[in-house]
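So the structure is just underneath, and the comments pick up after that.
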Amino acid sequence: MADTKQVDETTDAKKAARAERRAARLAKQIGAFAKEHGGAEGQIAYIGERGARIVLVGEDGGWGDLVAPSVAIAENAVAKAGITLHETFDGEFAAKVTTGQYEWTRMAGIQVGGPKNG
């Protein structure tokens with residue numbers, strides 16, 4: 001029984017170390033985004049088995065997203081990056097997003113049969 005416990009502890013330690021490395025990589029990417037866009041804010045959304053989506057909105061209105069393997073890793077990454085985290089993507093936070101020609105033509109192409117990109 002002791003052998004099983006030791007294997008479980010080793011496996012748990014490896015999983016924790018892997019999660020910590022993933023959070024550190026995501027935090028680095030979030031930091032780079034924030035630097036490029038004059039600061040950033042974010043929101044985390046659970047997307048099922050795939051994990052969690054971290055939506056980032058820069059102070060200049062630029063936006064992007066990252067996918068983390070779990071909500072816990074996403075929360076850890078956002079905490080490491082030191083950005084403001086919103087509960088929902090609505091109101092003043094959503095209003096900060098600026099969209100360009102690509103988004104408008106893409107949305108039009110999908111929704112109402114408008115022009116398609118590529």
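As shown in the structure tokens, the chain order sets the letters A, B, ...; within each chain, residues go from 1, and ligands are also counted from 1 in the order they appear.
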
Original post:
Contacts of segment 74-89 of chain A at 6 Å or less, counting only C-alpha atoms, minus same-chain residues fewer than 6 places along, as a ChimeraX atom specification?
Top reply: /A:23,26-27,31,41-43,68

**OP:** Just the strand (DSSP E or B) stuff from segment 7-117 of chain A, please, per backbone DSSP, written as a PyMOL selection string.
**Re:** chain A and resi 40-46+52-58+63-68+84-86

Subject >> Surrounding residues of Ser70 of chain A excluding itself and chain neighbours under 6 positions, 12 Å, only C-alpha atoms, as an NGL selection string >> reply: :A and (19-20 or 22-23 or 26 or 44-54 or 76-77)

Please dump the current selection as a compact mmCIF listing (two decimals), in the first residue's frame; keep all heavy atoms.
```
# COMPACT_ATOMS: atom_id res chain seq x y z
N ALA A 19 1.23 21.96 -14.33
CA ALA A 19 0.23 23.03 -14.27
C ALA A 19 0.89 24.38 -13.97
O ALA A 19 0.52 25.40 -14.56
CB ALA A 19 -0.83 22.71 -13.23
N GLU A 20 1.86 24.37 -13.09
CA GLU A 20 2.57 25.61 -12.74
C GLU A 20 3.36 26.14 -13.94
O GLU A 20 3.36 27.35 -14.20
CB GLU A 20 3.50 25.35 -11.55
CG GLU A 20 4.12 26.60 -10.99
CD GLU A 20 3.14 27.59 -10.42
OE1 GLU A 20 2.06 27.18 -9.94
OE2 GLU A 20 3.43 28.80 -10.48
N ARG A 22 2.65 25.61 -17.11
CA ARG A 22 1.66 26.09 -18.09
C ARG A 22 1.14 27.47 -17.69
O ARG A 22 1.02 28.36 -18.53
CB ARG A 22 0.51 25.08 -18.20
CG ARG A 22 -0.53 25.45 -19.21
CD ARG A 22 0.05 25.49 -20.62
NE ARG A 22 -1.03 25.77 -21.56
CZ ARG A 22 -0.89 26.50 -22.64
NH1 ARG A 22 0.28 26.98 -22.96
NH2 ARG A 22 -1.91 26.74 -23.42
N ALA A 23 0.85 27.65 -16.40
CA ALA A 23 0.38 28.95 -15.91
C ALA A 23 1.44 30.02 -16.12
O ALA A 23 1.13 31.16 -16.50
CB ALA A 23 -0.01 28.86 -14.44
N LEU A 26 1.48 30.97 -19.83
CA LEU A 26 0.31 31.80 -20.14
C LEU A 26 0.48 33.20 -19.56
O LEU A 26 0.15 34.19 -20.22
CB LEU A 26 -0.97 31.15 -19.59
CG LEU A 26 -1.48 29.94 -20.36
CD1 LEU A 26 -2.52 29.19 -19.54
CD2 LEU A 26 -2.04 30.35 -21.71
N ILE A 44 -12.34 35.11 -17.68
CA ILE A 44 -12.14 33.67 -17.89
C ILE A 44 -13.50 33.01 -18.09
O ILE A 44 -14.44 33.25 -17.32
CB ILE A 44 -11.42 33.04 -16.68
CG1 ILE A 44 -10.03 33.64 -16.53
CG2 ILE A 44 -11.35 31.52 -16.83
CD1 ILE A 44 -9.31 33.23 -15.27
N ALA A 45 -13.60 32.17 -19.11
CA ALA A 45 -14.85 31.44 -19.39
C ALA A 45 -14.53 29.95 -19.52
O ALA A 45 -13.63 29.56 -20.26
CB ALA A 45 -15.49 31.95 -20.67
N TYR A 46 -15.28 29.14 -18.81
CA TYR A 46 -15.15 27.69 -18.90
C TYR A 46 -15.67 27.24 -20.26
O TYR A 46 -16.76 27.64 -20.67
CB TYR A 46 -15.94 27.03 -17.77
CG TYR A 46 -15.98 25.53 -17.83
CD1 TYR A 46 -14.83 24.79 -17.60
CD2 TYR A 46 -17.15 24.85 -18.12
CE1 TYR A 46 -14.86 23.41 -17.65
CE2 TYR A 46 -17.19 23.47 -18.17
CZ TYR A 46 -16.04 22.75 -17.93
OH TYR A 46 -16.06 21.38 -17.99
N ILE A 47 -14.89 26.43 -20.97
CA ILE A 47 -15.32 25.98 -22.30
C ILE A 47 -15.42 24.46 -22.39
O ILE A 47 -15.23 23.87 -23.44
CB ILE A 47 -14.41 26.54 -23.42
CG1 ILE A 47 -12.94 26.20 -23.18
CG2 ILE A 47 -14.61 28.03 -23.55
CD1 ILE A 47 -12.02 26.61 -24.32
N GLY A 48 -15.71 23.82 -21.28
CA GLY A 48 -15.90 22.38 -21.28
C GLY A 48 -14.60 21.62 -21.14
O GLY A 48 -13.64 22.09 -20.53
N GLU A 49 -14.56 20.43 -21.71
CA GLU A 49 -13.38 19.58 -21.59
C GLU A 49 -12.12 20.25 -22.11
O GLU A 49 -11.02 19.93 -21.68
CB GLU A 49 -13.60 18.27 -22.36
CG GLU A 49 -14.55 17.33 -21.67
CD GLU A 49 -14.67 16.02 -22.41
OE1 GLU A 49 -13.69 15.60 -23.08
OE2 GLU A 49 -15.74 15.41 -22.33
N ARG A 50 -12.27 21.16 -23.02
CA ARG A 50 -11.13 21.86 -23.61
C ARG A 50 -10.40 22.71 -22.58
O ARG A 50 -9.22 22.97 -22.71
CB ARG A 50 -11.62 22.72 -24.77
CG ARG A 50 -10.55 23.51 -25.47
CD ARG A 50 -9.84 22.67 -26.51
NE ARG A 50 -9.05 23.54 -27.34
CZ ARG A 50 -7.72 23.53 -27.33
NH1 ARG A 50 -7.06 22.71 -26.56
NH2 ARG A 50 -7.06 24.36 -28.10
N GLY A 51 -11.11 23.19 -21.56
CA GLY A 51 -10.48 23.99 -20.52
C GLY A 51 -11.18 25.30 -20.28
O GLY A 51 -12.38 25.35 -20.07
N ALA A 52 -10.41 26.39 -20.35
CA ALA A 52 -10.94 27.72 -20.07
C ALA A 52 -10.33 28.71 -21.05
O ALA A 52 -9.16 28.63 -21.40
CB ALA A 52 -10.61 28.13 -18.64
N ARG A 53 -11.15 29.65 -21.47
CA ARG A 53 -10.73 30.69 -22.41
C ARG A 53 -10.45 31.95 -21.61
O ARG A 53 -11.28 32.39 -20.83
CB ARG A 53 -11.84 30.94 -23.42
CG ARG A 53 -11.52 32.01 -24.43
CD ARG A 53 -12.70 32.16 -25.37
NE ARG A 53 -12.38 33.10 -26.42
CZ ARG A 53 -13.29 33.84 -27.03
NH1 ARG A 53 -14.55 33.75 -26.71
NH2 ARG A 53 -12.92 34.67 -27.97
N ILE A 54 -9.28 32.53 -21.82
CA ILE A 54 -8.92 33.80 -21.21
C ILE A 54 -9.06 34.87 -22.29
O ILE A 54 -8.29 34.88 -23.25
CB ILE A 54 -7.47 33.80 -20.68
CG1 ILE A 54 -7.23 32.63 -19.74
CG2 ILE A 54 -7.15 35.13 -19.99
CD1 ILE A 54 -5.76 32.39 -19.41
N ASN A 76 -4.64 31.08 -12.18
CA ASN A 76 -3.26 31.22 -11.72
C ASN A 76 -2.47 32.09 -12.69
O ASN A 76 -1.71 32.97 -12.27
CB ASN A 76 -2.63 29.83 -11.59
CG ASN A 76 -1.27 29.85 -10.95
OD1 ASN A 76 -0.77 30.86 -10.48
ND2 ASN A 76 -0.63 28.69 -10.90
N ALA A 77 -2.64 31.89 -13.98
CA ALA A 77 -1.92 32.68 -14.98
C ALA A 77 -2.29 34.16 -14.90
O ALA A 77 -1.42 35.03 -14.95
CB ALA A 77 -2.21 32.14 -16.38
```

Original post:
What residues in chain A get the DSSP label helix (DSSP H, G or I)? Please answer as a ChimeraX atom specification.
Top reply: /A:2-36,48-50,71-81,91-95,101-111

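Proximity of A:Val57, A:Val67, A:Ala13, A:Ala32 to Ala95 of chain A, computed with only C-alpha atoms, is greatest for A:Val57.
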
Original post:
Pick from A:Val97, A:Asp90, A:Ile73, A:Glu9: nearest to His37 of chain A, with only C-alpha atoms counted?
Top reply: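 Among A:Val97, A:Asp90, A:Ile73, A:Glu9, it is A:Val97 that comes nearest to His37 of chain A.
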
Original post:
Please, what distance in Å, to one decimal, runs between atom CA of Phe33 of chain A and atom CA of Arg18 of chain A?
Top reply: 22.8 Å

**OP:** Could you please determine the separation between atom CA of Asp65 of chain A and atom CA of Trp104 of chain A in Å, to one decimal place?
**Re:** 18.3 Å

Original post:
How many Å lie between atom CA of Glu59 of chain A and atom CA of Ala40 of chain A, rounded to one decimal?
Top reply: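 So the two atoms, atom CA of Glu59 of chain A and atom CA of Ala40 of chain A, lie 5.8 Å apart.
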